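K.L.:
Next up, model_1.cif (mmCIF, C-alpha atoms).
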```
data_run
loop_
_atom_site.group_PDB
_atom_site.id
_atom_site.type_symbol
_atom_site.label_atom_id
_atom_site.label_comp_id
_atom_site.auth_asym_id
_atom_site.auth_seq_id
_atom_site.Cartn_x
_atom_site.Cartn_y
_atom_site.Cartn_z
ATOM 1 C CA LYS A 1 -46.510 2.854 40.271
ATOM 2 C CA ASN A 2 -47.193 1.457 36.843
ATOM 3 C CA HIS A 3 -46.638 3.281 33.597
ATOM 4 C CA GLU A 4 -50.129 4.026 32.341
ATOM 5 C CA ARG A 5 -51.216 5.753 29.155
ATOM 6 C CA TRP A 6 -54.439 7.428 28.097
ATOM 7 C CA SER A 7 -55.293 8.514 24.547
ATOM 8 C CA SER A 8 -58.050 10.827 23.444
ATOM 9 C CA PRO A 9 -60.234 9.800 20.531
ATOM 10 C CA PRO A 10 -58.608 11.056 17.313
ATOM 11 C CA PHE A 11 -60.047 14.391 16.188
ATOM 12 C CA TYR A 12 -59.989 16.712 13.193
ATOM 13 C CA LEU A 13 -59.260 20.376 13.804
ATOM 14 C CA HIS A 14 -62.230 21.189 11.563
ATOM 15 C CA PRO A 15 -63.925 19.555 8.587
ATOM 16 C CA GLY A 16 -61.144 19.365 6.022
ATOM 17 C CA GLY A 17 -58.453 19.921 8.674
ATOM 18 C CA TYR A 18 -55.503 18.134 10.211
ATOM 19 C CA HIS A 19 -56.041 14.898 12.165
ATOM 20 C CA MET A 20 -54.627 14.775 15.708
ATOM 21 C CA GLN A 21 -54.706 12.902 19.000
ATOM 22 C CA LEU A 22 -53.703 13.739 22.587
ATOM 23 C CA GLU A 23 -51.839 11.192 24.666
ATOM 24 C CA VAL A 24 -51.221 11.430 28.423
ATOM 25 C CA HIS A 25 -48.595 9.268 30.145
ATOM 26 C CA PHE A 26 -48.511 8.660 33.874
ATOM 27 C CA ASN A 27 -45.092 7.839 35.372
ATOM 28 C CA ALA A 28 -43.521 8.613 32.026
ATOM 29 C CA ALA A 29 -39.907 8.457 33.175
ATOM 30 C CA GLU A 30 -40.435 7.205 36.725
ATOM 31 C CA ASN A 31 -40.052 10.840 37.777
ATOM 32 C CA ASP A 32 -43.468 11.471 39.343
ATOM 33 C CA GLU A 33 -44.514 13.662 36.442
ATOM 34 C CA VAL A 34 -47.402 13.451 34.025
ATOM 35 C CA ALA A 35 -46.363 13.654 30.365
ATOM 36 C CA VAL A 36 -48.468 14.955 27.464
ATOM 37 C CA TYR A 37 -47.944 14.442 23.736
ATOM 38 C CA ASN A 38 -49.734 15.626 20.631
ATOM 39 C CA TYR A 39 -49.770 13.290 17.620
ATOM 40 C CA LEU A 40 -50.353 14.229 14.006
ATOM 41 C CA LEU A 41 -52.257 11.356 12.421
ATOM 42 C CA ARG A 42 -52.803 10.353 8.838
ATOM 43 C CA GLY A 43 -56.202 11.667 7.794
ATOM 44 C CA ARG A 44 -58.609 11.821 4.900
ATOM 45 C CA ASN A 45 -57.703 15.469 4.188
ATOM 46 C CA ASP A 46 -53.919 15.122 3.930
ATOM 47 C CA VAL A 47 -53.746 15.652 0.158
ATOM 48 C CA LYS A 48 -55.521 19.012 0.525
ATOM 49 C CA LEU A 49 -53.340 20.277 3.379
ATOM 50 C CA ILE A 50 -50.005 22.037 3.293
ATOM 51 C CA TRP A 51 -47.060 20.095 4.733
ATOM 52 C CA PRO A 52 -45.056 20.263 6.830
ATOM 53 C CA PHE A 53 -47.596 21.231 9.472
ATOM 54 C CA ARG A 54 -46.965 24.681 10.934
ATOM 55 C CA GLY A 55 -48.794 25.938 13.977
ATOM 56 C CA GLU A 56 -49.175 26.153 17.727
ATOM 57 C CA VAL A 57 -50.831 23.521 19.900
ATOM 58 C CA ASN A 58 -51.858 24.442 23.444
ATOM 59 C CA ILE A 59 -52.553 21.536 25.787
ATOM 60 C CA THR A 60 -54.400 22.716 28.881
ATOM 61 C CA LEU A 61 -55.275 20.768 32.016
ATOM 62 C CA LEU A 62 -58.452 22.342 33.340
ATOM 63 C CA ASN A 63 -58.944 23.364 36.951
ATOM 64 C CA GLN A 64 -62.226 21.744 37.994
ATOM 65 C CA LEU A 65 -62.642 24.011 41.027
ATOM 66 C CA VAL A 66 -62.868 27.394 39.270
ATOM 67 C CA ASP A 67 -62.311 28.680 35.743
ATOM 68 C CA THR A 68 -58.836 30.039 36.504
ATOM 69 C CA HIS A 69 -55.365 28.635 37.261
ATOM 70 C CA HIS A 70 -55.444 26.113 34.428
ATOM 71 C CA HIS A 71 -52.123 24.408 33.638
ATOM 72 C CA SER A 72 -50.914 24.728 30.022
ATOM 73 C CA TYR A 73 -48.117 23.642 27.735
ATOM 74 C CA ARG A 74 -47.512 25.210 24.313
ATOM 75 C CA LEU A 75 -45.983 23.358 21.370
ATOM 76 C CA ASN A 76 -44.790 25.494 18.495
ATOM 77 C CA TYR A 77 -44.405 23.412 15.352
ATOM 78 C CA SER A 78 -42.880 26.399 13.541
ATOM 79 C CA GLU A 79 -39.762 26.709 15.702
ATOM 80 C CA HIS A 80 -38.159 23.338 14.984
ATOM 81 C CA LYS A 81 -34.961 22.831 13.022
ATOM 82 C CA ARG A 82 -34.988 21.522 9.480
ATOM 83 C CA ASP A 83 -33.657 18.160 10.790
ATOM 84 C CA ASP A 84 -36.832 17.728 12.874
ATOM 85 C CA TYR A 85 -39.221 18.053 9.903
ATOM 86 C CA ASN A 86 -39.358 14.301 9.374
ATOM 87 C CA ILE A 87 -41.774 14.208 12.306
ATOM 88 C CA ILE A 88 -44.120 16.887 10.978
ATOM 89 C CA GLU A 89 -44.097 16.100 7.262
ATOM 90 C CA SER A 90 -47.244 14.537 5.807
ATOM 91 C CA PRO A 91 -47.919 11.346 7.804
ATOM 92 C CA LYS A 92 -47.222 8.148 5.920
ATOM 93 C CA GLU A 93 -48.055 5.838 8.802
ATOM 94 C CA LYS A 94 -51.111 5.802 11.066
ATOM 95 C CA SER A 95 -49.361 8.014 13.607
ATOM 96 C CA LEU A 96 -46.054 9.748 14.032
ATOM 97 C CA CYS A 97 -43.830 10.395 16.982
ATOM 98 C CA GLY A 98 -45.662 12.518 19.530
ATOM 99 C CA TRP A 99 -44.454 15.999 20.380
ATOM 100 C CA GLY A 100 -44.796 17.221 23.942
ATOM 101 C CA THR A 101 -43.151 17.085 27.333
ATOM 102 C CA ASP A 102 -42.496 14.385 29.891
ATOM 103 C CA GLN A 103 -42.677 16.987 32.675
ATOM 104 C CA PHE A 104 -46.129 18.508 32.115
ATOM 105 C CA ILE A 105 -47.230 18.513 35.764
ATOM 106 C CA SER A 106 -46.083 16.763 38.940
ATOM 107 C CA TYR A 107 -48.254 14.380 40.907
ATOM 108 C CA SER A 108 -47.961 16.576 43.991
ATOM 109 C CA ARG A 109 -49.324 19.558 42.046
ATOM 110 C CA LEU A 110 -52.180 17.408 40.717
ATOM 111 C CA GLN A 111 -53.259 16.668 44.258
ATOM 112 C CA THR A 112 -52.999 20.239 45.591
ATOM 113 C CA ARG A 113 -56.466 21.519 46.446
ATOM 114 C CA TYR A 114 -55.923 25.030 47.720
ATOM 115 C CA VAL A 115 -56.738 27.066 44.604
ATOM 116 C CA THR A 116 -56.820 24.264 42.081
ATOM 117 C CA GLU A 117 -58.478 20.917 41.686
ATOM 118 C CA TYR A 118 -57.167 19.283 38.544
ATOM 119 C CA LEU A 119 -57.929 15.757 39.693
ATOM 120 C CA LYS A 120 -61.540 15.288 40.789
ATOM 121 C CA ASP A 121 -63.432 11.990 41.033
ATOM 122 C CA ASP A 122 -60.454 10.245 39.384
ATOM 123 C CA SER A 123 -60.891 12.456 36.294
ATOM 124 C CA LEU A 124 -58.708 14.955 34.478
ATOM 125 C CA PHE A 125 -60.080 17.288 31.806
ATOM 126 C CA PHE A 126 -57.881 18.541 28.976
ATOM 127 C CA ARG A 127 -58.484 21.153 26.308
ATOM 128 C CA VAL A 128 -56.446 21.137 23.116
ATOM 129 C CA SER A 129 -56.485 24.319 21.060
ATOM 130 C CA VAL A 130 -54.645 24.676 17.779
ATOM 131 C CA LYS A 131 -53.675 27.699 15.729
ATOM 132 C CA VAL A 132 -52.658 26.662 12.214
ATOM 133 C CA HIS A 133 -50.152 28.902 10.425
ATOM 134 C CA ASN A 134 -50.522 27.332 7.003
ATOM 135 C CA LEU A 135 -53.708 27.202 4.974
ATOM 136 C CA ASN A 136 -55.452 24.666 2.764
ATOM 137 C CA LYS A 137 -54.611 24.608 -0.926
ATOM 138 C CA PRO A 138 -57.628 26.606 -2.179
ATOM 139 C CA TRP A 139 -57.254 25.353 -5.758
ATOM 140 C CA LEU A 140 -58.070 21.807 -4.556
ATOM 141 C CA ASN A 141 -61.363 22.863 -2.966
ATOM 142 C CA CYS A 142 -62.977 23.748 -6.293
ATOM 143 C CA THR A 143 -66.142 21.717 -6.916
ATOM 144 C CA THR A 144 -66.935 23.090 -10.396
ATOM 145 C CA PRO A 145 -66.140 20.524 -13.114
ATOM 146 C CA TYR A 146 -63.975 21.758 -16.001
#
```
Output the structure of this file as structure tokens.
P.N.:
Amino acid sequence: KNHERWSSPPFYLHPGGYHMQLEVHFNAAENDEVAVYNYLLRGRNDVKLIWPFRGEVNITLLNQLVDTHHHSYRLNYSEHKRDDYNIIESPKEKSLCGWGTDQFISYSRLQTRYVTEYLKDDSLFFRVSVKVHNLNKPWLNCTTPY
């Protein structure tokens, strides 16, 4: 098995929001597990956002058979130690170290088709939902000239 990687197109949480990207690794550590990582990217709105980023990111692998039994992983960017903040401070490079897990789901579970069908027609579908705990700096959104 080869180590393969798939990246979503970069996305903004909303107009004026944080810039992120999902990355999925196959055979991440040669352990027959699929890994998932969320990346905070440098974006056009960074100067208007509060840093470090605080929030929850839910990465969900969708069951393509029925709308139940989805497989999820939750990242909480608010629970990390002060030493870890260098990863979630305002991005200075194009992308930062990804946060996630290298044991998101096993290959055997991907191929189970009793109640779930995550892998269908060589496709996986992911949903990324984000709850931001910090807000924009409202004083920077003023459009009235002084």
K.L.:
Tell me which residues the PyMOL selection byres ((chain A and resi 17) around 9) grabs here, as a list in words.
P.N.:
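For this structure, the PyMOL selection byres ((chain A and resi 17) around 9) resolves to Tyr12, Leu13, His14, Pro15, Gly16, Tyr18, His19, Gly43, Arg44, Asn45, Asp46, Lys48, Leu49 and Asn136 of chain A.
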K.L.:
Residues near A:Leu124, anyone? I mean within 9 Å using all atoms listed in the file, not counting same-chain ones fewer than 6 positions away, as a list in words.
P.N.:
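So, after excluding close chain neighbours, the residues are Leu61, Leu62, Asn63, Gln64 and Tyr118 of chain A.
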K.L.:
Could the residues in this selection be written to a file with C-alpha atoms, as a PDB file, in the frame of the given file?
P.N.:
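selection-v7.pdb, written as the output of this step:
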```pdb
ATOM      1  CA  LEU A  61     -55.275  20.768  32.016  1.00  0.00           C
ATOM      2  CA  LEU A  62     -58.452  22.342  33.340  1.00  0.00           C
ATOM      3  CA  ASN A  63     -58.944  23.364  36.951  1.00  0.00           C
ATOM      4  CA  GLN A  64     -62.226  21.744  37.994  1.00  0.00           C
ATOM      5  CA  TYR A 118     -57.167  19.283  38.544  1.00  0.00           C
TER       6      TYR A 118
END
```
K.L.:
Given all atoms listed in the file as the basis, pick out the residue of A:Val128, A:Val36, A:Leu75, A:Met20 nearest to A:Thr60.
P.N.:
A:Val128
K.L.:
On this structure, which residues satisfy the PyMOL selection byres ((chain A and resi 106) around 12), written as a short mmCIF file (atom, residue, chain, number, x, y, z; two decimals) with C-alpha atoms, in the frame of the given file?
P.N.:
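Output contents, as saved in selection-v7.cif:
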```cif
data_model
loop_
_atom_site.label_atom_id
_atom_site.label_comp_id
_atom_site.auth_asym_id
_atom_site.auth_seq_id
_atom_site.Cartn_x
_atom_site.Cartn_y
_atom_site.Cartn_z
CA HIS A 25 -48.60 9.27 30.14
CA PHE A 26 -48.51 8.66 33.87
CA ASN A 27 -45.09 7.84 35.37
CA ALA A 28 -43.52 8.61 32.03
CA ALA A 29 -39.91 8.46 33.17
CA GLU A 30 -40.44 7.20 36.72
CA ASN A 31 -40.05 10.84 37.78
CA ASP A 32 -43.47 11.47 39.34
CA GLU A 33 -44.51 13.66 36.44
CA VAL A 34 -47.40 13.45 34.02
CA ALA A 35 -46.36 13.65 30.36
CA VAL A 36 -48.47 14.96 27.46
CA HIS A 71 -52.12 24.41 33.64
CA THR A 101 -43.15 17.08 27.33
CA ASP A 102 -42.50 14.38 29.89
CA GLN A 103 -42.68 16.99 32.67
CA PHE A 104 -46.13 18.51 32.12
CA ILE A 105 -47.23 18.51 35.76
CA TYR A 107 -48.25 14.38 40.91
CA SER A 108 -47.96 16.58 43.99
CA ARG A 109 -49.32 19.56 42.05
CA LEU A 110 -52.18 17.41 40.72
CA GLN A 111 -53.26 16.67 44.26
CA THR A 112 -53.00 20.24 45.59
CA TYR A 118 -57.17 19.28 38.54
CA LEU A 119 -57.93 15.76 39.69
#
```
K.L.:
Just give me the gap between atom CA of A:Gln21 and atom CA of A:Val57 in Å, one decimal is fine.
P.N.:
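That distance, rounded to one decimal, is 11.3 Å.
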K.L.:
Between atom CA of A:Phe53 and atom CA of A:His133, measure the distance and give it in Å to one decimal.
P.N.:
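Atom CA of A:His133 lies at a distance of 8.1 Å from atom CA of A:Phe53.
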K.L.:
For A:Glu23, which residue among A:Tyr114, A:Tyr73, A:Trp51, A:Trp99 is the nearest when counting all atoms listed in the file?
P.N.:
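Smallest separation from A:Glu23 among the options: A:Trp99.
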K.L.:
Mind giving me the straight-line distance from atom CA of A:Thr68 to atom CA of A:Glu56 in Å, one decimal?
P.N.:
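Calculated distance between atom CA of A:Thr68 and atom CA of A:Glu56 is 21.5 Å.
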K.L.:
Kindly list the centre and edge lengths in Å, rounded to one decimal, for the axis-aligned box that covers all listed atoms of stretch 119-136 of chain A plus 8 Å on each of its six sides, as AutoDock Vina command-line options.
P.N.:
```
--center_x -56.8 --center_y 19.6 --center_z 21.9 --size_x 29.3 --size_y 34.7 --size_z 54.3
```
K.L.:
For A:Leu41, which residue out of A:Gly98, A:Asn58, A:Val132, A:Ser7 is the nearest one, using all atoms listed in the file?
P.N.:
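Closest residue, counting all atoms listed in the file: A:Gly98.
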K.L.:
With distances taken over all atoms listed in the file, which residue among A:Pro10, A:Arg74, A:His69, A:Tyr37 lies nearest A:Val130?
P.N.:
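Going through A:Pro10, A:Arg74, A:His69, A:Tyr37 one by one, the smallest distance to A:Val130 is for A:Arg74.
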K.L.:
Any chance you could model N, CA, C and O atoms for stretch 45-62 of chain A and send them as a PDB file, in the frame of the given file?
P.N.:
```pdb
ATOM      1  N   ASN A  45     -57.889  14.162   4.824  1.00  0.00           N
ATOM      2  CA  ASN A  45     -57.703  15.469   4.188  1.00  0.00           C
ATOM      3  C   ASN A  45     -56.252  15.771   3.832  1.00  0.00           C
ATOM      4  O   ASN A  45     -55.963  16.859   3.340  1.00  0.00           O
ATOM      5  N   ASP A  46     -55.352  14.842   4.067  1.00  0.00           N
ATOM      6  CA  ASP A  46     -53.919  15.122   3.930  1.00  0.00           C
ATOM      7  C   ASP A  46     -53.523  15.672   2.565  1.00  0.00           C
ATOM      8  O   ASP A  46     -52.663  16.544   2.471  1.00  0.00           O
ATOM      9  N   VAL A  47     -54.131  15.183   1.496  1.00  0.00           N
ATOM     10  CA  VAL A  47     -53.746  15.652   0.158  1.00  0.00           C
ATOM     11  C   VAL A  47     -54.138  17.111  -0.076  1.00  0.00           C
ATOM     12  O   VAL A  47     -53.563  17.761  -0.941  1.00  0.00           O
ATOM     13  N   LYS A  48     -55.080  17.624   0.688  1.00  0.00           N
ATOM     14  CA  LYS A  48     -55.521  19.012   0.525  1.00  0.00           C
ATOM     15  C   LYS A  48     -54.809  19.978   1.479  1.00  0.00           C
ATOM     16  O   LYS A  48     -55.022  21.170   1.404  1.00  0.00           O
ATOM     17  N   LEU A  49     -53.994  19.445   2.373  1.00  0.00           N
ATOM     18  CA  LEU A  49     -53.340  20.277   3.379  1.00  0.00           C
ATOM     19  C   LEU A  49     -51.907  20.585   2.991  1.00  0.00           C
ATOM     20  O   LEU A  49     -51.296  19.873   2.209  1.00  0.00           O
ATOM     21  N   ILE A  50     -51.382  21.653   3.546  1.00  0.00           N
ATOM     22  CA  ILE A  50     -50.005  22.037   3.293  1.00  0.00           C
ATOM     23  C   ILE A  50     -49.115  21.377   4.341  1.00  0.00           C
ATOM     24  O   ILE A  50     -49.404  21.422   5.537  1.00  0.00           O
ATOM     25  N   TRP A  51     -48.028  20.768   3.866  1.00  0.00           N
ATOM     26  CA  TRP A  51     -47.060  20.095   4.733  1.00  0.00           C
ATOM     27  C   TRP A  51     -45.696  20.708   4.517  1.00  0.00           C
ATOM     28  O   TRP A  51     -45.405  21.144   3.411  1.00  0.00           O
ATOM     29  N   PRO A  52     -44.854  20.763   5.482  1.00  0.00           N
ATOM     30  CA  PRO A  52     -45.056  20.263   6.830  1.00  0.00           C
ATOM     31  C   PRO A  52     -46.046  21.129   7.601  1.00  0.00           C
ATOM     32  O   PRO A  52     -46.246  22.300   7.280  1.00  0.00           O
ATOM     33  N   PHE A  53     -46.655  20.530   8.605  1.00  0.00           N
ATOM     34  CA  PHE A  53     -47.596  21.231   9.472  1.00  0.00           C
ATOM     35  C   PHE A  53     -46.863  22.360  10.182  1.00  0.00           C
ATOM     36  O   PHE A  53     -45.765  22.195  10.690  1.00  0.00           O
ATOM     37  N   ARG A  54     -47.493  23.526  10.208  1.00  0.00           N
ATOM     38  CA  ARG A  54     -46.965  24.681  10.934  1.00  0.00           C
ATOM     39  C   ARG A  54     -48.085  25.209  11.822  1.00  0.00           C
ATOM     40  O   ARG A  54     -49.179  25.468  11.344  1.00  0.00           O
ATOM     41  N   GLY A  55     -47.791  25.377  13.093  1.00  0.00           N
ATOM     42  CA  GLY A  55     -48.794  25.938  13.977  1.00  0.00           C
ATOM     43  C   GLY A  55     -48.431  25.788  15.433  1.00  0.00           C
ATOM     44  O   GLY A  55     -47.358  25.298  15.778  1.00  0.00           O
ATOM     45  N   GLU A  56     -49.344  26.237  16.282  1.00  0.00           N
ATOM     46  CA  GLU A  56     -49.175  26.153  17.727  1.00  0.00           C
ATOM     47  C   GLU A  56     -50.269  25.268  18.302  1.00  0.00           C
ATOM     48  O   GLU A  56     -51.438  25.394  17.930  1.00  0.00           O
ATOM     49  N   VAL A  57     -49.878  24.390  19.210  1.00  0.00           N
ATOM     50  CA  VAL A  57     -50.831  23.521  19.900  1.00  0.00           C
ATOM     51  C   VAL A  57     -50.709  23.818  21.389  1.00  0.00           C
ATOM     52  O   VAL A  57     -49.616  23.726  21.959  1.00  0.00           O
ATOM     53  N   ASN A  58     -51.816  24.210  21.999  1.00  0.00           N
ATOM     54  CA  ASN A  58     -51.858  24.442  23.444  1.00  0.00           C
ATOM     55  C   ASN A  58     -52.609  23.297  24.098  1.00  0.00           C
ATOM     56  O   ASN A  58     -53.763  23.032  23.749  1.00  0.00           O
ATOM     57  N   ILE A  59     -51.940  22.621  25.023  1.00  0.00           N
ATOM     58  CA  ILE A  59     -52.553  21.536  25.787  1.00  0.00           C
ATOM     59  C   ILE A  59     -52.784  22.073  27.188  1.00  0.00           C
ATOM     60  O   ILE A  59     -51.836  22.481  27.867  1.00  0.00           O
ATOM     61  N   THR A  60     -54.039  22.110  27.608  1.00  0.00           N
ATOM     62  CA  THR A  60     -54.400  22.716  28.881  1.00  0.00           C
ATOM     63  C   THR A  60     -55.114  21.716  29.768  1.00  0.00           C
ATOM     64  O   THR A  60     -56.094  21.104  29.351  1.00  0.00           O
ATOM     65  N   LEU A  61     -54.608  21.556  30.985  1.00  0.00           N
ATOM     66  CA  LEU A  61     -55.275  20.768  32.016  1.00  0.00           C
ATOM     67  C   LEU A  61     -56.183  21.722  32.764  1.00  0.00           C
ATOM     68  O   LEU A  61     -55.730  22.745  33.301  1.00  0.00           O
ATOM     69  N   LEU A  62     -57.473  21.416  32.774  1.00  0.00           N
ATOM     70  CA  LEU A  62     -58.452  22.342  33.340  1.00  0.00           C
ATOM     71  C   LEU A  62     -58.585  22.181  34.851  1.00  0.00           C
ATOM     72  O   LEU A  62     -58.621  21.069  35.368  1.00  0.00           O
TER      73      LEU A  62
END
```
